[in-house]
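Coordinates from query.cif are shown below (mmCIF, C-alpha atoms).
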data_protein
#
loop_
_atom_site.label_atom_id
_atom_site.label_comp_id
_atom_site.auth_asym_id
_atom_site.auth_seq_id
_atom_site.Cartn_x
_atom_site.Cartn_y
_atom_site.Cartn_z
CA MET A 1042 6.93 7.00 24.28
CA MET A 1043 4.47 4.52 25.75
CA THR A 1044 1.30 6.25 24.56
CA ILE A 1045 0.89 5.81 20.83
CA GLY A 1046 -0.26 9.07 19.25
CA PRO A 1047 -0.95 10.17 15.68
CA VAL A 1048 2.72 11.06 15.08
CA HIS A 1049 3.76 7.41 15.45
CA TYR A 1050 1.37 6.30 12.71
CA LEU A 1051 2.32 9.19 10.41
CA VAL A 1052 6.06 8.50 10.80
CA LEU A 1053 5.45 4.82 10.03
CA GLY A 1054 3.53 5.90 6.91
CA ALA A 1055 6.41 8.18 5.84
CA ILE A 1056 8.97 5.36 6.26
CA LEU A 1057 6.78 2.92 4.31
CA PHE A 1058 6.29 5.45 1.49
CA THR A 1059 10.07 6.03 1.32
CA LEU A 1060 10.66 2.27 1.04
CA GLY A 1061 8.17 2.06 -1.84
CA ALA A 1062 9.69 5.06 -3.63
CA ALA A 1063 13.18 3.54 -3.24
CA GLY A 1064 11.89 0.29 -4.77
CA VAL A 1065 10.38 2.12 -7.76
CA VAL A 1066 13.62 4.04 -8.40
CA LEU A 1067 16.21 1.35 -7.65
CA ARG A 1068 14.71 -1.92 -8.92
CA ARG A 1069 14.70 -2.92 -12.58
CA ASN A 1070 12.28 -5.86 -12.38
CA ALA A 1071 8.88 -4.53 -13.53
CA VAL A 1072 6.93 -6.83 -11.15
CA VAL A 1073 8.94 -5.56 -8.18
CA VAL A 1074 8.32 -1.97 -9.32
CA LEU A 1075 4.54 -2.66 -9.27
CA MET A 1076 4.83 -4.22 -5.80
CA SER A 1077 6.67 -1.12 -4.59
CA VAL A 1078 3.82 1.02 -5.92
CA GLU A 1079 1.46 -1.09 -3.79
CA LEU A 1080 3.67 -0.33 -0.77
CA MET A 1081 3.37 3.41 -1.46
CA LEU A 1082 -0.43 3.15 -1.80
CA ASN A 1083 -0.59 1.38 1.56
CA ALA A 1084 1.48 4.13 3.17
CA VAL A 1085 -1.11 6.63 1.91
CA ASN A 1086 -3.92 4.46 3.31
CA LEU A 1087 -2.20 4.40 6.71
CA THR A 1088 -1.96 8.21 6.69
CA PHE A 1089 -5.66 8.55 5.77
CA LEU A 1090 -6.68 6.29 8.65
CA ALA A 1091 -4.37 8.04 11.13
CA PHE A 1092 -5.87 11.43 10.27
CA SER A 1093 -9.36 9.92 10.39
CA ARG A 1094 -8.87 8.79 13.98
CA PHE A 1095 -6.84 11.82 15.10
CA PRO A 1096 -8.42 14.74 13.18
CA LEU A 1097 -6.89 18.21 13.08
CA VAL A 1098 -10.23 19.98 13.57
CA GLN A 1099 -12.89 19.33 16.16
CA ASN A 1100 -15.90 19.36 13.85
CA ALA A 1101 -15.43 17.93 10.38
CA PRO A 1102 -16.57 20.42 7.74
CA MET A 1103 -17.47 17.78 5.15
CA GLN A 1104 -20.68 15.85 5.06
CA GLY A 1105 -20.23 12.39 6.51
CA GLY A 1106 -17.84 13.71 9.09
CA ILE A 1107 -14.66 12.12 10.24
CA LEU A 1108 -15.22 8.74 8.56
CA GLN A 1109 -14.56 10.28 5.13
CA GLY A 1110 -10.99 9.00 5.53
CA HIS A 1111 -12.20 5.40 5.69
CA VAL A 1112 -14.26 5.97 2.53
CA ALA A 1113 -11.17 7.36 0.76
CA VAL A 1114 -9.18 4.26 1.77
CA PHE A 1115 -11.98 2.08 0.38
CA PHE A 1116 -11.65 3.80 -3.01
CA VAL A 1117 -7.84 3.58 -2.92
CA ILE A 1118 -8.06 -0.19 -2.35
CA ALA A 1119 -10.48 -0.62 -5.26
CA THR A 1120 -8.30 1.51 -7.56
CA ALA A 1121 -5.14 -0.36 -6.50
CA ALA A 1122 -6.77 -3.68 -7.40
CA ALA A 1123 -7.67 -2.32 -10.86
CA GLU A 1124 -4.16 -0.88 -11.29
CA ALA A 1125 -2.52 -4.20 -10.36
CA ALA A 1126 -4.67 -6.12 -12.87
CA VAL A 1127 -3.95 -3.73 -15.76
CA GLY A 1128 -0.26 -3.31 -14.86
CA LEU A 1129 0.36 -7.05 -14.71
CA ALA A 1130 -1.48 -7.51 -18.02
CA ILE A 1131 0.85 -4.89 -19.57
CA ILE A 1132 3.88 -6.70 -18.12
CA ILE A 1133 2.71 -9.98 -19.68
CA ALA A 1134 2.11 -8.28 -23.07
CA VAL A 1135 5.56 -6.66 -22.99
CA PHE A 1136 7.20 -9.93 -21.93
CA ARG A 1137 5.63 -11.65 -24.97
CA SER A 1138 7.19 -9.23 -27.45
CA ARG A 1139 10.50 -8.44 -25.71
CA THR A 1140 11.08 -11.60 -23.58
CA SER A 1141 12.27 -9.38 -20.77
CA ILE A 1142 10.73 -7.48 -17.88
CA ASN A 1143 13.78 -5.29 -17.23
CA VAL A 1144 12.42 -1.73 -17.20
CA ASP A 1145 15.79 -0.35 -18.34
CA GLU A 1146 15.28 -2.03 -21.73
CA PHE A 1147 11.89 -0.39 -22.38
CA ASP A 1148 13.25 2.87 -23.74
CA SER A 1149 11.54 3.12 -27.14
CA LEU A 1150 8.01 4.40 -27.72
CA LYS A 1151 7.47 2.15 -30.74
CA PHE A 1152 8.68 -1.41 -31.25
CA MET B 449 -0.53 -2.91 25.55
CA GLU B 450 -1.30 -0.71 22.56
CA ALA B 451 2.32 0.49 22.46
CA VAL B 452 3.70 -3.07 22.52
CA LEU B 453 1.36 -4.18 19.73
CA PHE B 454 2.13 -1.04 17.70
CA TYR B 455 5.88 -1.57 17.87
CA ILE B 456 5.58 -5.29 16.99
CA PHE B 457 3.40 -4.50 13.96
CA ALA B 458 5.49 -1.46 12.93
CA ILE B 459 8.77 -3.38 12.99
CA GLY B 460 7.08 -6.18 11.02
CA VAL B 461 5.80 -3.71 8.41
CA VAL B 462 9.18 -2.03 7.93
CA VAL B 463 11.20 -5.27 7.84
CA ALA B 464 8.78 -6.98 5.41
CA GLY B 465 8.62 -3.83 3.25
CA ALA B 466 12.43 -3.69 3.12
CA GLN B 467 12.47 -7.35 2.04
CA VAL B 468 10.20 -6.45 -0.93
CA VAL B 469 12.72 -3.87 -2.13
CA LEU B 470 15.92 -5.76 -1.32
CA ARG B 471 15.16 -9.38 -2.31
CA ARG B 472 16.51 -10.32 -5.74
CA ASN B 473 13.95 -13.04 -6.45
CA PRO B 474 10.45 -11.49 -6.89
CA ILE B 475 8.66 -14.52 -5.38
CA TYR B 476 10.34 -13.84 -2.01
CA GLY B 477 9.36 -10.20 -2.41
CA ALA B 478 5.73 -11.17 -3.05
CA VAL B 479 5.57 -13.37 0.06
CA SER B 480 7.17 -10.57 2.12
CA LEU B 481 4.57 -8.18 0.74
CA VAL B 482 1.77 -10.50 1.95
CA ALA B 483 3.38 -10.48 5.41
CA CYS B 484 3.66 -6.68 5.23
CA PHE B 485 -0.06 -6.39 4.41
CA PHE B 486 -0.99 -8.63 7.36
CA PHE B 487 1.07 -6.49 9.75
CA LEU B 488 -0.54 -3.37 8.26
CA ALA B 489 -3.98 -4.89 8.91
CA GLY B 490 -2.93 -5.16 12.56
CA ILE B 491 -1.97 -1.49 12.54
CA TYR B 492 -5.39 -0.65 11.06
CA VAL B 493 -7.10 -2.55 13.89
CA LEU B 494 -5.07 -0.47 16.37
CA LEU B 495 -6.47 2.61 14.57
CA SER B 496 -9.95 1.04 15.12
CA ALA B 497 -10.52 0.80 11.37
CA HIS B 498 -11.96 -2.70 11.55
CA LEU B 499 -13.71 -2.75 8.17
CA ILE B 500 -10.60 -1.50 6.36
CA ALA B 501 -8.44 -4.11 8.16
CA ILE B 502 -10.72 -6.91 6.91
CA LEU B 503 -10.72 -5.42 3.39
CA GLN B 504 -6.92 -5.20 3.53
CA VAL B 505 -6.58 -8.92 4.27
CA MET B 506 -9.27 -9.99 1.77
CA VAL B 507 -8.52 -7.71 -1.19
CA TYR B 508 -4.79 -7.00 -0.87
CA ALA B 509 -3.31 -10.07 0.85
CA GLY B 510 -5.87 -12.32 -0.83
CA ALA B 511 -6.81 -11.20 -4.33
CA VAL B 512 -4.08 -8.80 -5.46
CA MET B 513 -1.14 -10.82 -4.18
CA VAL B 514 -2.49 -14.04 -5.72
CA LEU B 515 -2.48 -12.15 -9.02
CA PHE B 516 1.15 -11.10 -8.47
CA VAL B 517 2.27 -14.63 -7.58
CA PHE B 518 0.44 -16.04 -10.62
CA VAL B 519 2.19 -13.57 -12.96
CA ILE B 520 5.61 -14.30 -11.38
CA MET B 521 4.97 -18.02 -11.95
CA LEU B 522 3.71 -17.38 -15.50
CA LEU B 523 6.81 -15.40 -16.48
CA ASN B 524 9.03 -18.12 -14.92
CA LEU B 525 12.23 -16.09 -15.13
CA LYS B 526 15.53 -17.91 -15.27
CA GLU B 527 18.28 -17.17 -12.81
CA GLU B 528 20.27 -15.06 -15.29
CA GLU B 529 17.18 -13.10 -16.40
CA LEU B 530 16.59 -11.78 -12.89
CA GLY B 531 19.46 -9.34 -13.34
CA GLU B 532 22.23 -8.92 -10.88
CA MET B 533 21.57 -6.96 -7.72
CA HIS B 534 24.41 -4.71 -6.75
CA VAL B 535 23.73 -4.60 -3.02
CA THR B 536 26.75 -2.88 -1.60
CA THR B 537 27.20 -1.75 1.96
CA MET B 538 27.15 1.85 0.75
CA LYS B 539 23.66 1.40 -0.76
CA GLY B 540 22.40 -0.23 2.45
CA ILE B 541 23.82 2.61 4.53
CA GLY B 542 22.27 5.13 2.11
CA LEU B 543 18.80 3.54 2.34
CA ALA B 544 18.98 3.36 6.13
CA ALA B 545 20.14 7.00 6.28
CA VAL B 546 17.24 8.13 4.06
CA LEU B 547 14.71 6.20 6.19
CA VAL B 548 16.07 7.69 9.43
CA LEU B 549 16.12 11.18 7.91
CA VAL B 550 12.53 10.95 6.62
CA GLY B 551 11.34 9.62 9.96
CA PHE B 552 13.19 12.36 11.85
CA ILE B 553 11.85 15.15 9.60
CA ALA B 554 8.29 13.80 9.87
CA TRP B 555 8.64 13.54 13.66
CA LYS B 556 10.02 17.08 14.05
CA ALA B 557 7.47 18.56 11.65
CA LEU B 558 4.49 16.87 13.29
CA THR B 559 5.27 17.13 16.99
CA PRO B 560 4.10 20.77 17.42
CA VAL B 561 0.87 20.08 15.48
CA GLN B 562 -2.19 20.19 17.71
CA PHE B 563 -4.50 17.26 17.07
CA ALA B 564 -8.11 17.32 18.13
CA ARG B 565 -9.52 14.67 20.42
CA ASP B 566 -9.04 10.98 19.79
CA MET B 567 -12.19 10.07 17.85
CA ALA B 568 -12.34 6.39 18.82
CA VAL B 569 -11.94 7.08 22.53
CA ASN B 570 -14.28 10.00 22.11
CA GLU B 571 -17.09 7.67 21.00
CA GLN B 572 -18.69 10.60 19.22
CA ILE B 573 -19.68 8.31 16.39
CA HIS B 574 -20.97 5.02 17.70
CA GLY B 575 -19.06 2.04 16.30
CA PHE B 576 -16.24 4.11 14.81
CA GLY B 577 -14.68 2.30 11.85
CA GLY B 578 -17.20 -0.54 11.81
CA VAL B 579 -19.19 -1.74 8.82
CA LYS B 580 -22.33 0.17 9.83
CA ALA B 581 -20.65 3.54 10.42
CA VAL B 582 -18.45 3.45 7.29
CA GLY B 583 -21.30 2.11 5.15
CA ASN B 584 -23.54 4.93 6.35
CA VAL B 585 -21.02 7.53 5.10
CA LEU B 586 -20.21 5.56 1.94
CA TYR B 587 -23.83 5.21 0.78
CA ARG B 588 -24.95 8.67 1.87
CA SER B 589 -22.25 11.08 0.72
CA SER B 590 -20.24 9.01 -1.79
CA VAL B 591 -22.83 7.11 -3.80
CA LEU B 592 -21.68 8.43 -7.18
CA PRO B 593 -17.95 7.65 -6.66
CA PHE B 594 -19.00 4.21 -5.39
CA GLU B 595 -20.91 3.46 -8.59
CA VAL B 596 -18.09 4.90 -10.74
CA THR B 597 -15.69 2.52 -8.94
CA SER B 598 -17.75 -0.44 -10.13
CA LEU B 599 -17.44 0.92 -13.68
CA LEU B 600 -13.66 1.31 -13.16
CA LEU B 601 -13.35 -2.33 -12.06
CA LEU B 602 -15.35 -3.48 -15.11
CA VAL B 603 -13.08 -1.45 -17.43
CA ALA B 604 -10.01 -2.89 -15.67
CA VAL B 605 -11.24 -6.48 -16.14
CA VAL B 606 -11.99 -5.94 -19.85
CA SER B 607 -8.72 -4.10 -20.51
CA ALA B 608 -6.64 -6.71 -18.67
CA VAL B 609 -8.14 -9.45 -20.86
CA VAL B 610 -7.68 -7.40 -24.06
CA ILE B 611 -4.06 -6.44 -23.28
CA ALA B 612 -2.87 -9.84 -22.06
CA LYS B 613 -4.65 -12.01 -24.63
CA GLY B 614 -3.11 -10.54 -27.78
CA LYS B 615 -5.55 -11.88 -30.36
CA ILE B 616 -9.21 -11.89 -29.34
#
The structure in this file should be written as structure tokens.
Amino acid sequence: MMTIGPVHYLVLGAILFTLGAAGVVLRRNAVVVLMSVELMLNAVNLTFLAFSRFPLVQNAPMQGGILQGHVAVFFVIATAAAEAAVGLAIIIAVFRSRTSINVDEFDSLKF
Amino acid sequence: MEAVLFYIFAIGVVVAGAQVVLRRNPIYGAVSLVACFFFLAGIYVLLSAHLIAILQVMVYAGAVMVLFVFVIMLLNLKEEELGEMHVTTMKGIGLAAVLVLVGFIAWKALTPVQFARDMAVNEQIHGFGGVKAVGNVLYRSSVLPFEVTSLLLLVAVVSAVVIAKGKI
């Protein structure tokens, strides 16, 4: 219990991902749904880093070795920033035409 | 020492993450999310991913969350527009049960897995997780994805302006 191994980090990542998924399913505020997606992305980042420090194989088969996980997290962070910008722009555009950000009301393909 | 720090940061991450989901007002959720990202940065430092921890604070807690807070302020939702939250005890018990179950399944599934040596203690790569080591991998084996990411960010900037502005 006192030595922190890879399982601790992976379980924390699983709990954080579950929280994010619950937020996406349960909440109706579109901004909160986007924030929950960010939580899920961070859970994935945590899992990448945990496997990067505690690898399953002794010698990494890929070029660049065991730090590939850090590179993957770098790309996830960049993509999450782009996703947040575009998602919030969509929320603003929808709020202009519908004056609501309740995702339950967005049920028609054409308005 | 590592165990104490891990449990402090882990409890902070889970509590702040739960606040994001459970708080009715999104501005409280946004502030909790900033706290959650700071605790996660601490966890990343424990995993000796120093560059990623700095990026987490600068990009996520800094840039992305400022964007969220700005949009929440811009929408300026009234009290009745927030929608009622039906937080019942049953839902709270259900969420807690799911979290415990997921944690238990992950624990039981992962315990028999044999992990290789601890890379950071191993010191096989000098400066594991630092700017130099990660940058070496990033610019050697992932140059093309790196350049494509810059294109992605450019497209995101242009599309955000086009979508949010309405009439150009």
The PyMOL selection byres ((chain B and resi 465) around 10) - which residues does that actually catch in the file I just gave you? List them as a PDB file with C-alpha atoms, in the coordinates of the input.
ATOM      1  CA  ILE A1056       8.970   5.360   6.260  1.00  0.00           C
ATOM      2  CA  LEU A1057       6.780   2.920   4.310  1.00  0.00           C
ATOM      3  CA  PHE A1058       6.290   5.450   1.490  1.00  0.00           C
ATOM      4  CA  LEU A1060      10.660   2.270   1.040  1.00  0.00           C
ATOM      5  CA  GLY A1061       8.170   2.060  -1.840  1.00  0.00           C
ATOM      6  CA  GLY A1064      11.890   0.290  -4.770  1.00  0.00           C
ATOM      7  CA  MET A1076       4.830  -4.220  -5.800  1.00  0.00           C
ATOM      8  CA  SER A1077       6.670  -1.120  -4.590  1.00  0.00           C
ATOM      9  CA  LEU A1080       3.670  -0.330  -0.770  1.00  0.00           C
TER      10      LEU A1080
ATOM     11  CA  ILE B 459       8.770  -3.380  12.990  1.00  0.00           C
ATOM     12  CA  GLY B 460       7.080  -6.180  11.020  1.00  0.00           C
ATOM     13  CA  VAL B 461       5.800  -3.710   8.410  1.00  0.00           C
ATOM     14  CA  VAL B 462       9.180  -2.030   7.930  1.00  0.00           C
ATOM     15  CA  VAL B 463      11.200  -5.270   7.840  1.00  0.00           C
ATOM     16  CA  ALA B 464       8.780  -6.980   5.410  1.00  0.00           C
ATOM     17  CA  ALA B 466      12.430  -3.690   3.120  1.00  0.00           C
ATOM     18  CA  GLN B 467      12.470  -7.350   2.040  1.00  0.00           C
ATOM     19  CA  VAL B 468      10.200  -6.450  -0.930  1.00  0.00           C
ATOM     20  CA  VAL B 469      12.720  -3.870  -2.130  1.00  0.00           C
ATOM     21  CA  LEU B 470      15.920  -5.760  -1.320  1.00  0.00           C
ATOM     22  CA  GLY B 477       9.360 -10.200  -2.410  1.00  0.00           C
ATOM     23  CA  SER B 480       7.170 -10.570   2.120  1.00  0.00           C
ATOM     24  CA  LEU B 481       4.570  -8.180   0.740  1.00  0.00           C
ATOM     25  CA  VAL B 482       1.770 -10.500   1.950  1.00  0.00           C
ATOM     26  CA  ALA B 483       3.380 -10.480   5.410  1.00  0.00           C
ATOM     27  CA  CYS B 484       3.660  -6.680   5.230  1.00  0.00           C
ATOM     28  CA  PHE B 485      -0.060  -6.390   4.410  1.00  0.00           C
TER      29      PHE B 485
END
Problem set entry | Cut-off 12 Å around (-7.1, -6.8, -14.9) with all atoms listed in the file: residues as a ChimeraX atom specification | /A:1119-1133 /B:511-512,515-516,519,600-613
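Checking B:Gly510, B:Pro560, B:Gly551, B:Gly575 one by one against chain A, counting only C-alpha atoms, you find the shortest gap at B:Gly551.
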For this session: Work out how far atom CA of Val1052 of chain A is from atom CA of Val550 of chain B, in Å to one decimal.
Result: 8.1 Å
Seminar exercise, completed: Closest of A:Asn1083, A:Thr1088, A:Asn1143, A:Ser1149 to Leu1067 of chain A, counting only C-alpha atoms, is A:Asn1143
Exercise. Pick from A:Val1098, A:Val1066, A:Ala1084, A:Val1135: nearest to chain B, with all atoms listed in the file counted?
Worked result: A:Val1098
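Checking A:Ala1071, A:Val1048, A:Ala1091, A:Val1117 one by one against Phe1136 of chain A, counting only C-alpha atoms, you find the shortest gap at A:Ala1071.
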For this session: May I ask which of the residues A:Ile1107, A:Val1144, A:Arg1094, A:Lys1151 is the closest one to chain B, counting all atoms listed in the file?
Result: A:Arg1094
Exercise. When the PyMOL selection byres ((chain A and resi 1050) around 12) is applied to the file above, which residues end up in the set, as a VMD selection string?
Worked result: (chain A and resid 1044 to 1049 1051 to 1057 1084 to 1095) or (chain B and resid 451 454 to 455 457 to 458 461 488 491 to 492 494 to 495 551 554 to 555 558)
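Atom CA of Gly577 of chain B sits 5.7 Å away from atom CA of His498 of chain B.
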Exercise. Which residue gives the smallest distance to Arg1068 of chain A among B:Val548, B:Leu453, B:Arg471, B:Ala581, with only C-alpha atoms counted?
Worked result: B:Arg471
Exercise. So how many Å separate atom CA of Leu499 of chain B and atom CA of Val582 of chain B, to one decimal?
Worked result: 7.9 Å
